[in-house]
Amino acid sequence: MRERFFMPHLTIDYSSQLADSFDRGALIKELHPLVLEETGSTGVCKTFFRPAEAHVGDATGEESVFVHVEIGLMPGRPDALKAHLSESVLALVARHLPADRADRAFVSVEVRDLAESYRLTPTARSPLDT
């Protein structure tokens, strides 16, 4: 039986100062296929964008901005795969930041396992091939 992994969940928190200049649609068009390909997942990625009021650091003057991507996957991926995915997503997000903010942006990625209590309804899962 070939093991399959289903339905990644992504949450992207970002500085509200980016709301008018961060092209979330363009990011998703590249992010979803990247996550599915690198993780071997099937199904549909589900992404939540959350603009957030934030303060980064103690310096005054030009505001820094942040983007934090959390990717929740069904358990079973090796840590090396998760680390590689994090690096790939970091690079992708950086390409989608507005040029005038990119050099002052803090970008982070966390790839984690979904908890055993995770449930989804309705489910798009189909029986595994045997």
# chains A, B, ... in the order shown; residues from 1 in each chain; ligands from 1

$ residues_around --residues "A:Pro78" --least-positions-apart "6" --cutoff "12 Å" --atoms "only C-alpha atoms" --output "ChimeraX atom specification"
/A:38-39,84-85,111-113

$ residues_around --residues "A:Leu114" --least-positions-apart "2" --cutoff "10 Å" --atoms "only C-alpha atoms" --output "number ranges by chain"
A: 8-9, 71-75, 111-112, 116-119

$ atom_distance --atom1 "atom CA of A:Glu63" --atom2 "atom CA of A:Asp100"
11.3 Å

$ closest_residue --among "A:Lys29, A:Val89, A:Leu97, A:Glu53" --to "A:Glu70" --atoms "only C-alpha atoms"
A:Val89

$ select_by_dssp --residues "chain A" --states "strand (DSSP E)" --output "PyMOL selection string"
chain A and resi 5-6+9-15+41-42+46-52+65-73+105-113

$ residues_around --residues "A:Leu27" --least-positions-apart "4" --cutoff "8 Å" --atoms "only C-alpha atoms" --output "PyMOL selection string"
chain A and resi 23+31+92-93+96

$ write_last_selection --atoms "N, CA and C atoms" --output "PDB file, in the first residue's frame"
ATOM      1  N   ASP A  23       0.613  40.907  -2.756  1.00  0.00           N
ATOM      2  CA  ASP A  23      -0.278  40.218  -3.692  1.00  0.00           C
ATOM      3  C   ASP A  23      -0.471  38.776  -3.250  1.00  0.00           C
ATOM      4  N   LEU A  31       2.390  29.033  -4.265  1.00  0.00           N
ATOM      5  CA  LEU A  31       2.580  28.359  -2.988  1.00  0.00           C
ATOM      6  C   LEU A  31       1.871  27.006  -2.925  1.00  0.00           C
ATOM      7  N   LEU A  92      10.122  31.833  -1.754  1.00  0.00           N
ATOM      8  CA  LEU A  92       8.932  32.216  -2.511  1.00  0.00           C
ATOM      9  C   LEU A  92       8.282  33.458  -1.929  1.00  0.00           C
ATOM     10  N   VAL A  93       8.099  33.501  -0.624  1.00  0.00           N
ATOM     11  CA  VAL A  93       7.480  34.671   0.003  1.00  0.00           C
ATOM     12  C   VAL A  93       8.320  35.907  -0.268  1.00  0.00           C
ATOM     13  N   HIS A  96       7.591  37.639  -3.380  1.00  0.00           N
ATOM     14  CA  HIS A  96       6.265  38.244  -3.487  1.00  0.00           C
ATOM     15  C   HIS A  96       6.072  39.457  -2.594  1.00  0.00           C
TER      16      HIS A  96
END
